[in-house]
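Q: Data: query22.txt, compact mmCIF, C-alpha atoms and all ligand atoms.
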# COMPACT_ATOMS: atom_id res chain seq x y z
CA MET R 1 119.45 105.37 95.47
CA LEU R 2 116.38 106.13 93.35
CA SER R 3 116.64 106.33 89.57
CA SER R 4 115.64 109.50 87.73
CA LYS R 5 112.66 107.58 86.30
CA VAL R 6 111.35 107.01 89.84
CA THR R 7 112.08 110.59 90.92
CA ASN R 8 110.33 112.05 87.86
CA HIS R 9 107.39 109.67 88.22
CA PHE R 10 106.63 110.63 91.82
CA ALA R 11 107.41 114.37 91.54
CA ASN R 12 104.42 116.54 92.48
CA LYS R 13 102.18 113.51 93.07
CA VAL R 14 99.77 112.95 95.96
CA VAL R 15 100.49 109.52 97.45
CA TRP R 16 98.83 107.45 100.21
CA ILE R 17 100.94 104.73 101.82
CA THR R 18 99.37 102.39 104.38
CA GLY R 19 101.34 100.30 106.86
CA ALA R 20 103.89 103.10 107.10
CA SER R 21 104.75 102.80 110.82
CA SER R 22 107.41 100.11 110.20
CA GLY R 23 109.01 97.73 107.72
CA ILE R 24 108.40 98.03 103.98
CA GLY R 25 105.90 100.91 104.31
CA ARG R 26 108.36 102.96 106.35
CA ALA R 27 111.17 102.24 103.85
CA LEU R 28 108.92 103.44 101.00
CA VAL R 29 108.18 106.72 102.78
CA ILE R 30 111.84 107.35 103.64
CA ALA R 31 112.91 106.63 100.04
CA LEU R 32 110.28 109.03 98.66
CA SER R 33 110.99 111.76 101.20
CA ASP R 34 113.72 113.21 98.98
CA ILE R 35 111.19 113.83 96.23
CA ASP R 36 108.82 116.78 96.11
CA CYS R 37 105.53 114.90 96.53
CA HIS R 38 102.79 114.89 99.17
CA ILE R 39 102.68 111.61 101.10
CA TYR R 40 99.90 110.62 103.50
CA ILE R 41 101.14 107.89 105.85
CA SER R 42 98.78 105.57 107.72
CA ALA R 43 98.93 102.87 110.39
CA ARG R 44 97.47 102.42 113.89
CA SER R 45 100.59 103.51 115.77
CA GLN R 46 100.92 107.30 115.93
CA GLN R 47 104.35 106.82 117.54
CA GLY R 48 105.49 104.48 114.76
CA LEU R 49 104.37 106.97 112.12
CA GLN R 50 106.17 109.78 113.97
CA GLU R 51 109.36 107.65 113.99
CA THR R 52 108.96 107.18 110.21
CA LEU R 53 108.55 110.93 109.79
CA ASP R 54 111.63 111.60 111.95
CA GLN R 55 113.74 109.55 109.53
CA CYS R 56 112.58 111.46 106.45
CA ALA R 57 114.80 113.89 104.54
CA ASP R 58 112.08 116.52 103.97
CA LYS R 59 109.24 116.32 106.50
CA SER R 60 107.22 119.25 105.22
CA THR R 61 105.23 117.28 102.62
CA ILE R 62 104.66 114.14 104.68
CA HIS R 63 101.38 113.99 106.57
CA ILE R 64 100.45 111.58 109.34
CA ALA R 65 96.95 110.12 108.90
CA ASN R 66 96.72 107.36 111.45
CA GLY R 67 93.87 104.94 111.98
CA ASP R 68 92.88 101.29 112.19
CA LEU R 69 92.41 100.39 108.54
CA SER R 70 90.35 97.33 109.39
CA ASN R 71 87.69 99.94 110.17
CA LYS R 72 85.88 101.15 107.04
CA GLN R 73 85.24 104.64 108.45
CA ALA R 74 88.96 105.15 109.20
CA ASN R 75 89.75 104.65 105.49
CA LEU R 76 86.97 107.03 104.46
CA ASP R 77 88.16 109.66 106.97
CA ILE R 78 91.76 109.52 105.69
CA CYS R 79 90.62 109.90 102.08
CA GLU R 80 88.31 112.77 103.09
CA THR R 81 91.37 114.55 104.56
CA ILE R 82 93.30 114.01 101.31
CA LYS R 83 90.29 115.29 99.32
CA THR R 84 90.05 118.43 101.47
CA HIS R 85 93.72 119.30 100.89
CA HIS R 86 94.28 118.17 97.29
CA GLY R 87 90.95 117.19 95.73
CA HIS R 88 92.52 114.08 94.22
CA LEU R 89 94.94 111.20 94.84
CA ASP R 90 97.53 110.00 92.29
CA ILE R 91 98.95 106.82 93.87
CA ALA R 92 97.52 104.61 96.63
CA ILE R 93 99.97 102.01 97.96
CA LEU R 94 97.87 99.73 100.18
CA ASN R 95 100.61 97.87 102.01
CA ALA R 96 99.28 97.38 105.58
CA GLY R 97 99.01 93.80 106.74
CA THR R 98 100.23 91.14 109.06
CA CYS R 99 101.24 87.48 109.10
CA GLU R 100 100.45 84.49 111.29
CA TYR R 101 101.32 80.87 110.63
CA LEU R 102 98.88 78.04 111.20
CA ASP R 103 99.60 74.93 113.24
CA VAL R 104 97.46 72.33 111.47
CA ASP R 105 97.10 70.44 114.79
CA ASN R 106 95.30 73.52 116.10
CA PHE R 107 93.26 74.57 113.06
CA GLU R 108 91.40 77.71 114.15
CA SER R 109 88.94 79.69 112.05
CA GLU R 110 89.66 82.79 114.19
CA MET R 111 93.11 83.13 112.56
CA PHE R 112 91.48 83.17 109.12
CA GLU R 113 88.97 85.80 110.31
CA ARG R 114 91.77 87.96 111.78
CA LEU R 115 94.00 87.76 108.73
CA PHE R 116 91.23 88.26 106.18
CA LYS R 117 90.12 91.33 108.14
CA SER R 118 93.61 92.84 108.53
CA ASN R 119 95.00 91.96 105.08
CA TYR R 120 92.10 91.59 102.64
CA ILE R 121 89.03 93.44 103.96
CA SER R 122 91.17 96.41 105.05
CA MET R 123 92.49 96.60 101.51
CA VAL R 124 88.98 96.46 100.08
CA TYR R 125 88.02 99.35 102.39
CA GLY R 126 91.10 101.26 101.21
CA ILE R 127 90.18 100.69 97.56
CA GLU R 128 86.58 101.77 98.16
CA ALA R 129 87.70 104.95 99.92
CA SER R 130 90.46 105.89 97.45
CA LEU R 131 88.85 105.10 94.07
CA PRO R 132 86.74 108.30 93.86
CA LEU R 133 89.90 110.35 94.50
CA LEU R 134 92.02 108.30 92.07
CA GLU R 135 89.38 108.91 89.38
CA LYS R 136 90.13 112.63 89.72
CA SER R 137 93.83 112.12 88.86
CA ASN R 138 95.17 112.23 85.29
CA ASN R 139 97.65 109.43 85.99
CA ALA R 140 96.24 107.26 88.78
CA GLN R 141 97.76 104.10 90.21
CA LEU R 142 96.28 101.65 92.68
CA VAL R 143 98.87 99.35 94.23
CA GLY R 144 98.17 96.44 96.59
CA MET R 145 100.54 94.37 98.72
CA SER R 146 100.33 90.62 98.12
CA SER R 147 103.22 88.16 98.54
CA THR R 148 105.03 85.34 96.74
CA ALA R 149 103.10 83.19 99.25
CA ALA R 150 100.19 83.74 96.83
CA TYR R 151 101.87 81.54 94.19
CA LEU R 152 101.68 78.20 96.01
CA GLY R 153 99.73 76.50 98.79
CA LEU R 154 102.53 76.68 101.33
CA PRO R 155 102.25 74.58 104.51
CA ARG R 156 101.63 76.82 107.59
CA SER R 157 100.52 79.65 105.23
CA GLU R 158 97.00 78.30 104.84
CA ALA R 159 95.50 81.50 106.31
CA TYR R 160 98.14 84.12 105.38
CA GLY R 161 98.72 82.72 101.87
CA SER R 162 94.96 82.64 101.20
CA THR R 163 94.65 86.36 102.00
CA LYS R 164 97.55 87.16 99.67
CA ALA R 165 96.21 84.91 96.87
CA ALA R 166 92.84 86.68 97.21
CA ILE R 167 94.57 90.06 96.90
CA ARG R 168 96.52 88.93 93.82
CA ASN R 169 93.35 87.67 92.20
CA LEU R 170 91.50 90.89 93.06
CA PHE R 171 94.21 93.03 91.46
CA ARG R 172 94.30 90.92 88.28
CA ALA R 173 90.59 91.62 87.87
CA LEU R 174 91.00 95.32 88.74
CA LYS R 175 93.80 95.65 86.18
CA VAL R 176 91.19 94.97 83.50
CA SER R 177 88.10 96.59 85.03
CA LEU R 178 89.82 99.86 85.98
CA SER R 179 91.54 100.36 82.64
CA PRO R 180 88.57 102.22 81.04
CA LYS R 181 88.84 104.66 83.97
CA HIS R 182 92.59 105.08 83.21
CA ILE R 183 93.56 103.78 86.65
CA SER R 184 96.53 101.43 86.53
CA ALA R 185 96.45 98.52 89.01
CA SER R 186 99.61 96.82 90.31
CA VAL R 187 100.18 94.09 92.84
CA ILE R 188 103.38 93.59 94.83
CA CYS R 189 104.66 90.05 95.51
CA PRO R 190 107.80 90.18 97.63
CA GLY R 191 109.81 87.21 98.80
CA PHE R 192 111.27 87.51 102.30
CA VAL R 193 112.04 91.05 103.48
CA LYS R 194 113.72 91.77 106.82
CA THR R 195 111.12 93.62 108.93
CA GLU R 196 109.42 93.31 112.32
CA LEU R 197 107.04 90.86 110.64
CA THR R 198 109.76 88.42 109.54
CA ASP R 199 111.90 88.94 112.66
CA LYS R 200 109.33 86.67 114.37
CA ASN R 201 109.93 83.78 111.93
CA ASP R 202 111.52 80.62 113.33
CA PHE R 203 112.70 79.18 109.99
CA ASP R 204 115.31 79.89 107.31
CA MET R 205 114.27 82.65 104.90
CA PRO R 206 116.03 82.12 101.57
CA ALA R 207 117.13 85.20 99.58
CA ILE R 208 115.94 87.62 102.31
CA ILE R 209 116.53 91.29 101.44
CA SER R 210 116.40 94.58 103.37
CA ALA R 211 113.28 96.76 103.52
CA GLN R 212 115.26 99.50 101.77
CA ARG R 213 116.05 97.20 98.83
CA ALA R 214 112.39 96.09 98.73
CA ALA R 215 111.32 99.75 98.56
CA GLU R 216 113.64 100.31 95.58
CA TYR R 217 112.12 97.34 93.70
CA ILE R 218 108.59 98.54 94.49
CA LEU R 219 109.12 102.18 93.47
CA GLN R 220 110.85 101.10 90.26
CA GLY R 221 107.92 98.77 89.47
CA ILE R 222 105.38 101.52 90.15
CA ALA R 223 107.29 104.00 87.96
CA ARG R 224 107.25 101.40 85.13
CA LYS R 225 103.54 100.66 85.78
CA GLN R 226 104.33 96.94 86.00
CA HIS R 227 101.26 94.91 86.87
CA GLU R 228 102.99 92.36 89.11
CA ILE R 229 106.03 93.69 90.96
CA HIS R 230 107.82 90.59 92.23
CA PHE R 231 111.26 90.26 93.79
CA PRO R 232 113.94 89.15 94.46
CA LYS R 233 113.74 87.49 91.06
CA ARG R 234 115.81 84.41 91.93
CA PHE R 235 113.25 83.59 94.64
CA SER R 236 110.01 84.75 92.97
CA TYR R 237 110.80 83.01 89.65
CA SER R 238 111.67 79.79 91.53
CA LEU R 239 108.23 79.79 93.17
CA LYS R 240 106.51 80.67 89.89
CA PHE R 241 108.37 77.78 88.24
CA ILE R 242 107.32 75.33 90.98
CA SER R 243 103.70 76.50 90.57
CA LEU R 244 103.84 75.37 86.91
CA LEU R 245 105.02 71.82 87.73
CA PRO R 246 102.60 68.90 87.85
CA ASP R 247 100.76 68.69 91.20
CA SER R 248 102.46 65.44 92.20
CA ILE R 249 105.93 67.06 91.92
CA GLN R 250 104.78 70.28 93.66
CA PHE R 251 103.32 68.38 96.61
CA ARG R 252 106.43 66.19 96.90
CA LEU R 253 108.67 69.29 96.98
CA LEU R 254 106.45 71.13 99.47
CA SER R 255 106.15 68.13 101.78
CA LYS R 256 109.91 68.41 102.35
CA THR R 257 109.27 71.76 104.08
CA ILE R 258 107.12 70.16 106.79
CA LYS R 259 108.86 69.46 110.09
CA LYS R 260 108.24 65.82 111.00
CA SER R 261 107.36 65.48 114.70
N1 LIG Q 301 108.32 91.15 105.23
C1 LIG Q 301 108.09 90.26 104.29
O1 LIG Q 301 108.90 89.31 104.09
C2 LIG Q 301 106.86 90.34 103.44
C3 LIG Q 301 106.78 89.50 102.33
C4 LIG Q 301 105.64 89.55 101.54
C5 LIG Q 301 104.63 90.45 101.82
N2 LIG Q 301 104.75 91.26 102.91
C6 LIG Q 301 103.64 92.17 103.20
O2 LIG Q 301 104.14 93.49 103.26
C7 LIG Q 301 103.30 94.28 104.10
C8 LIG Q 301 104.16 95.04 105.10
O3 LIG Q 301 104.81 94.07 105.90
P1 LIG Q 301 106.15 94.36 106.70
O4 LIG Q 301 107.00 93.18 106.49
O5 LIG Q 301 106.65 95.72 106.42
O6 LIG Q 301 105.59 94.23 108.19
P2 LIG Q 301 105.54 95.24 109.43
O7 LIG Q 301 106.85 95.87 109.65
O8 LIG Q 301 104.93 94.44 110.51
O9 LIG Q 301 104.52 96.38 108.91
C9 LIG Q 301 103.15 96.16 108.84
C10 LIG Q 301 102.48 97.51 108.77
O10 LIG Q 301 101.06 97.32 108.60
C11 LIG Q 301 100.40 98.13 109.57
N3 LIG Q 301 99.11 97.56 109.93
C12 LIG Q 301 98.81 96.28 110.25
N4 LIG Q 301 97.51 96.15 110.58
C13 LIG Q 301 96.97 97.41 110.46
C14 LIG Q 301 95.68 97.96 110.67
N5 LIG Q 301 94.64 97.20 111.08
N6 LIG Q 301 95.49 99.28 110.47
C15 LIG Q 301 96.51 100.06 110.08
N7 LIG Q 301 97.75 99.60 109.85
C16 LIG Q 301 97.98 98.30 110.05
C17 LIG Q 301 101.37 98.17 110.75
O11 LIG Q 301 101.14 99.31 111.55
P3 LIG Q 301 100.44 99.35 113.00
O12 LIG Q 301 100.77 98.07 113.70
O13 LIG Q 301 101.03 100.58 113.62
O14 LIG Q 301 98.99 99.50 112.72
C18 LIG Q 301 102.69 98.32 110.02
O15 LIG Q 301 102.90 99.67 109.67
C19 LIG Q 301 102.29 93.31 104.73
O16 LIG Q 301 101.07 93.37 104.00
C20 LIG Q 301 102.96 91.96 104.53
O17 LIG Q 301 102.03 90.90 104.49
C21 LIG Q 301 105.83 91.23 103.73
For the file at hand, write its structure as structure tokens.
Ligand SMILES: NC(=O)c1ccc[n+]([C@@H]2O[C@H](COP(=O)([O-])OP(=O)(O)OC[C@H]3O[C@@H](n4cnc5c(N)ncnc54)[C@H](OP(=O)(O)O)[C@@H]3O)[C@@H](O)[C@H]2O)c1

A:
Amino acid sequence: MLSSKVTNHFANKVVWITGASSGIGRALVIALSDIDCHIYISARSQQGLQETLDQCADKSTIHIANGDLSNKQANLDICETIKTHHGHLDIAILNAGTCEYLDVDNFESEMFERLFKSNYISMVYGIEASLPLLEKSNNAQLVGMSSTAAYLGLPRSEAYGSTKAAIRNLFRALKVSLSPKHISASVICPGFVKTELTDKNDFDMPAIISAQRAAEYILQGIARKQHEIHFPKRFSYSLKFISLLPDSIQFRLLSKTIKKS
């Protein structure tokens, strides 16, 4: 259930949500579909986007704009479509991404290339394509999906965590550099959320929450223009606390998470 602050914040806005064919992106679109705002939804899977649309309360203001966002031109084409119909964009939620875990016995650079392309470079393309349209809004917000995996060097997350730490760093810089243009930058750092992405995990996921609950946290954070939207707090604050401990204690704690063979 969305608060009136969220409903009022998104009313009449033009919004772009990437990674909307499943998981958190889909939950965001469904939650917003009650509100009178135009939402452009992107991912590679046309069928996945159609399934998202089918679950929406009001479909008339939700527009499918599919494409492979690791392709620069796809991002530019989607933003050109938004420009043609509205002339501006109010909120870009760049959420698309994926996760793979590294086996240090099989350290492969290809995984880093794949994940940096799908998580980080895609987001940079999305920012490049959307900024000129955001500049035309009176109340623009640029929102990027990172992760609590950005807070620590987590074993097996060497590749995934690096992409999310890079995104968090990028958005901290953008928070400052975009402020003269009156564009607010926010970064999302979720703990574990139950989606297709985490359904593949073979380990315990403490404090895991539903995609619907994650969407509520995110929309509330956007409506409040929080810079870092992190949740669930009991998990995100625990990781933040560990990141402040002396290295020797951090490494001892993290070494307990490694499976001894
Ligand atoms: N679930 C968690 O616990 C968790 C925690 C922290 C952060 N996150 C982050 O949250 C975001 C969403 O994850 P999720 O859990 O909702 O996973 P998901 O259900 O697998 O959704 C990922 C979305 O990204 C899209 N996507 C991936 N690569 C793409 C590409 N090249 N072009 C266009 N779309 C692409 C996928 O669509 P197509 O496959 O149709 O293209 C899908 O819509 C990711 O950035 C993830 O890293 C998730």

Q: Just the residues within 9 Å of Gln212 in chain R, please, counting all atoms listed in the file, with nothing from its chain fewer than 2 positions along; format it as a list in words.

A: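 Residues near the query, excluding close chain neighbours: Gly23, Ile24, Arg26, Ala27, Leu28, Ile30, Ala31, Ile209, Ser210, Ala214, Ala215, Glu216 and Tyr217 of chain R.
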
Q: Go through R:Leu69, R:Val124, R:Ala20, R:Leu197 and flag the residue nearest Cys99 in chain R, using only C-alpha atoms for the distances.

A: R:Leu197

Q: Using all atoms listed in the file, what are the residues with an atom within 6 Å of ligand LIG 301 (chain Q), set out as a compact mmCIF listing (two decimals) with C-alpha atoms, keeping the file's coordinate frame?

A:
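To be explicit, this is the file written out as part_34.txt:
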# COMPACT_ATOMS: atom_id res chain seq x y z
CA GLY R 19 101.34 100.30 106.86
CA ALA R 20 103.89 103.10 107.10
CA SER R 21 104.75 102.80 110.82
CA SER R 22 107.41 100.11 110.20
CA GLY R 23 109.01 97.73 107.72
CA ILE R 24 108.40 98.03 103.98
CA GLY R 25 105.90 100.91 104.31
CA ALA R 43 98.93 102.87 110.39
CA ARG R 44 97.47 102.42 113.89
CA SER R 45 100.59 103.51 115.77
CA GLY R 67 93.87 104.94 111.98
CA ASP R 68 92.88 101.29 112.19
CA LEU R 69 92.41 100.39 108.54
CA SER R 70 90.35 97.33 109.39
CA ASN R 95 100.61 97.87 102.01
CA ALA R 96 99.28 97.38 105.58
CA GLY R 97 99.01 93.80 106.74
CA THR R 98 100.23 91.14 109.06
CA CYS R 99 101.24 87.48 109.10
CA SER R 118 93.61 92.84 108.53
CA MET R 145 100.54 94.37 98.72
CA SER R 146 100.33 90.62 98.12
CA SER R 147 103.22 88.16 98.54
CA PRO R 190 107.80 90.18 97.63
CA GLY R 191 109.81 87.21 98.80
CA PHE R 192 111.27 87.51 102.30
CA VAL R 193 112.04 91.05 103.48
CA LYS R 194 113.72 91.77 106.82
CA THR R 195 111.12 93.62 108.93
CA GLU R 196 109.42 93.31 112.32
CA LEU R 197 107.04 90.86 110.64
CA THR R 198 109.76 88.42 109.54

Q: When distances are computed from all atoms listed in the file, which of R:Arg168, R:Lys181, R:Ala159, R:Ile218 shows the smallest separation from Arg114 in chain R?

A: R:Ala159

Q: Excluding Met123 in chain R and its own-chain neighbours fewer than 4 positions away, which residues fall within 12 Å of it when counting all atoms listed in the file? Please give them as a PDB file with C-alpha atoms, in the frame of the given file.

A:
ATOM      1  CA  ILE R  17     100.940 104.730 101.820  1.00  0.00           C
ATOM      2  CA  THR R  18      99.370 102.390 104.380  1.00  0.00           C
ATOM      3  CA  GLY R  19     101.340 100.300 106.860  1.00  0.00           C
ATOM      4  CA  ASP R  68      92.880 101.290 112.190  1.00  0.00           C
ATOM      5  CA  LEU R  69      92.410 100.390 108.540  1.00  0.00           C
ATOM      6  CA  SER R  70      90.350  97.330 109.390  1.00  0.00           C
ATOM      7  CA  ASN R  71      87.690  99.940 110.170  1.00  0.00           C
ATOM      8  CA  LYS R  72      85.880 101.150 107.040  1.00  0.00           C
ATOM      9  CA  ASN R  75      89.750 104.650 105.490  1.00  0.00           C
ATOM     10  CA  ALA R  92      97.520 104.610  96.630  1.00  0.00           C
ATOM     11  CA  ILE R  93      99.970 102.010  97.960  1.00  0.00           C
ATOM     12  CA  LEU R  94      97.870  99.730 100.180  1.00  0.00           C
ATOM     13  CA  ASN R  95     100.610  97.870 102.010  1.00  0.00           C
ATOM     14  CA  ALA R  96      99.280  97.380 105.580  1.00  0.00           C
ATOM     15  CA  GLY R  97      99.010  93.800 106.740  1.00  0.00           C
ATOM     16  CA  LEU R 115      94.000  87.760 108.730  1.00  0.00           C
ATOM     17  CA  PHE R 116      91.230  88.260 106.180  1.00  0.00           C
ATOM     18  CA  LYS R 117      90.120  91.330 108.140  1.00  0.00           C
ATOM     19  CA  SER R 118      93.610  92.840 108.530  1.00  0.00           C
ATOM     20  CA  ASN R 119      95.000  91.960 105.080  1.00  0.00           C
ATOM     21  CA  ILE R 127      90.180 100.690  97.560  1.00  0.00           C
ATOM     22  CA  GLU R 128      86.580 101.770  98.160  1.00  0.00           C
ATOM     23  CA  ALA R 129      87.700 104.950  99.920  1.00  0.00           C
ATOM     24  CA  SER R 130      90.460 105.890  97.450  1.00  0.00           C
ATOM     25  CA  LEU R 131      88.850 105.100  94.070  1.00  0.00           C
ATOM     26  CA  LEU R 142      96.280 101.650  92.680  1.00  0.00           C
ATOM     27  CA  VAL R 143      98.870  99.350  94.230  1.00  0.00           C
ATOM     28  CA  GLY R 144      98.170  96.440  96.590  1.00  0.00           C
ATOM     29  CA  MET R 145     100.540  94.370  98.720  1.00  0.00           C
ATOM     30  CA  SER R 146     100.330  90.620  98.120  1.00  0.00           C
ATOM     31  CA  THR R 163      94.650  86.360 102.000  1.00  0.00           C
ATOM     32  CA  LYS R 164      97.550  87.160  99.670  1.00  0.00           C
ATOM     33  CA  ALA R 166      92.840  86.680  97.210  1.00  0.00           C
ATOM     34  CA  ILE R 167      94.570  90.060  96.900  1.00  0.00           C
ATOM     35  CA  ARG R 168      96.520  88.930  93.820  1.00  0.00           C
ATOM     36  CA  LEU R 170      91.500  90.890  93.060  1.00  0.00           C
ATOM     37  CA  PHE R 171      94.210  93.030  91.460  1.00  0.00           C
ATOM     38  CA  VAL R 187     100.180  94.090  92.840  1.00  0.00           C
TER      39      VAL R 187
END

Q: Write out as a ChimeraX atom specification the residues lying within 10 Å of range 183-185 of chain R, counting all atoms listed in the file and excluding same-chain residues fewer than 6 positions away.

A: /R:90-92,131,134-144,170-177,222,225-228

Q: If you measure from CA of Val6 in chain R to CA of Ile41 in chain R, what distance in Å do you get, rounded to one decimal?

A: 19.0 Å

Q: For CA of Asp34 in chain R and CA of His9 in chain R, quote the distance in Å rounded to one decimal.

A: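 Distance reported for this atom pair: 13.0 Å.
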
Q: Could you tell me how far CA of Tyr101 in chain R lies from CA of Ser255 in chain R, in Å and to one decimal?

A: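 If I compute the distance from CA of Tyr101 in chain R to CA of Ser255 in chain R, I get 16.2 Å.
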
Q: For Thr61 in chain R, work out the shell of residues within 9 Å, counting only C-alpha atoms and skipping chain neighbours fewer than 2 positions away, then give it as a ChimeraX atom specification.

A: /R:33,36-40,58-59,63

Q: So that I have them on file, write out the residues from the current selection with C-alpha atoms, as a PDB file, in the coordinates of the input.

A:
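To be explicit, this is the file written out as selection-v5.pdb:
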ATOM      1  CA  SER R  33     110.990 111.760 101.200  1.00  0.00           C
ATOM      2  CA  ASP R  36     108.820 116.780  96.110  1.00  0.00           C
ATOM      3  CA  CYS R  37     105.530 114.900  96.530  1.00  0.00           C
ATOM      4  CA  HIS R  38     102.790 114.890  99.170  1.00  0.00           C
ATOM      5  CA  ILE R  39     102.680 111.610 101.100  1.00  0.00           C
ATOM      6  CA  TYR R  40      99.900 110.620 103.500  1.00  0.00           C
ATOM      7  CA  ASP R  58     112.080 116.520 103.970  1.00  0.00           C
ATOM      8  CA  LYS R  59     109.240 116.320 106.500  1.00  0.00           C
ATOM      9  CA  HIS R  63     101.380 113.990 106.570  1.00  0.00           C
TER      10      HIS R  63
END

Q: Using only C-alpha atoms - which residues lie no farther than 10 Å from the point (97.6, 80.6, 93.1) in the file's frame? Write them as a ChimeraX atom specification.

A: /R:148-153,161-162,164-166,168-169,240,243

Q: Please identify all polymer residues lying at most 10 Å from the point (102.0, 74.3, 111.7) (file coordinates), using all atoms listed in the file, and present the result as a VMD selection string.

A: chain R and resid 101 to 107 155 to 158 258 to 259

Q: For range 36-51 of chain R, where the input has fewer atoms than it should, I would like N, CA and C atoms rebuilt and written as a tab-separated table (two decimals), in the frame of the given file.

A:
chain	number	residue	atom	x	y	z
R	36	ASP	N	109.84	115.79	95.79
R	36	ASP	CA	108.82	116.78	96.11
R	36	ASP	C	107.43	116.22	95.78
R	37	CYS	N	106.89	115.42	96.72
R	37	CYS	CA	105.53	114.90	96.53
R	37	CYS	C	104.85	114.87	97.90
R	38	HIS	N	103.53	114.94	97.91
R	38	HIS	CA	102.79	114.89	99.17
R	38	HIS	C	102.50	113.44	99.51
R	39	ILE	N	102.89	113.00	100.71
R	39	ILE	CA	102.68	111.61	101.10
R	39	ILE	C	101.85	111.56	102.38
R	40	TYR	N	100.73	110.86	102.32
R	40	TYR	CA	99.90	110.62	103.50
R	40	TYR	C	100.26	109.24	104.02
R	41	ILE	N	100.65	109.17	105.31
R	41	ILE	CA	101.14	107.89	105.85
R	41	ILE	C	100.19	107.39	106.95
R	42	SER	N	99.80	106.12	106.81
R	42	SER	CA	98.78	105.57	107.72
R	42	SER	C	99.23	104.27	108.37
R	43	ALA	N	98.77	104.09	109.60
R	43	ALA	CA	98.93	102.87	110.39
R	43	ALA	C	98.19	103.15	111.70
R	44	ARG	N	98.13	102.15	112.60
R	44	ARG	CA	97.47	102.42	113.89
R	44	ARG	C	98.38	103.22	114.82
R	45	SER	N	99.68	102.93	114.78
R	45	SER	CA	100.59	103.51	115.77
R	45	SER	C	101.03	104.93	115.39
R	46	GLN	N	100.51	105.90	116.15
R	46	GLN	CA	100.92	107.30	115.93
R	46	GLN	C	102.43	107.44	116.17
R	47	GLN	N	102.91	106.74	117.22
R	47	GLN	CA	104.35	106.82	117.54
R	47	GLN	C	105.20	106.24	116.41
R	48	GLY	N	104.75	105.10	115.86
R	48	GLY	CA	105.49	104.48	114.76
R	48	GLY	C	105.53	105.40	113.54
R	49	LEU	N	104.41	106.05	113.26
R	49	LEU	CA	104.37	106.97	112.12
R	49	LEU	C	105.28	108.18	112.36
R	50	GLN	N	105.30	108.65	113.63
R	50	GLN	CA	106.17	109.78	113.97
R	50	GLN	C	107.64	109.38	113.78
R	51	GLU	N	107.97	108.12	114.17
R	51	GLU	CA	109.36	107.65	113.99
R	51	GLU	C	109.72	107.57	112.50
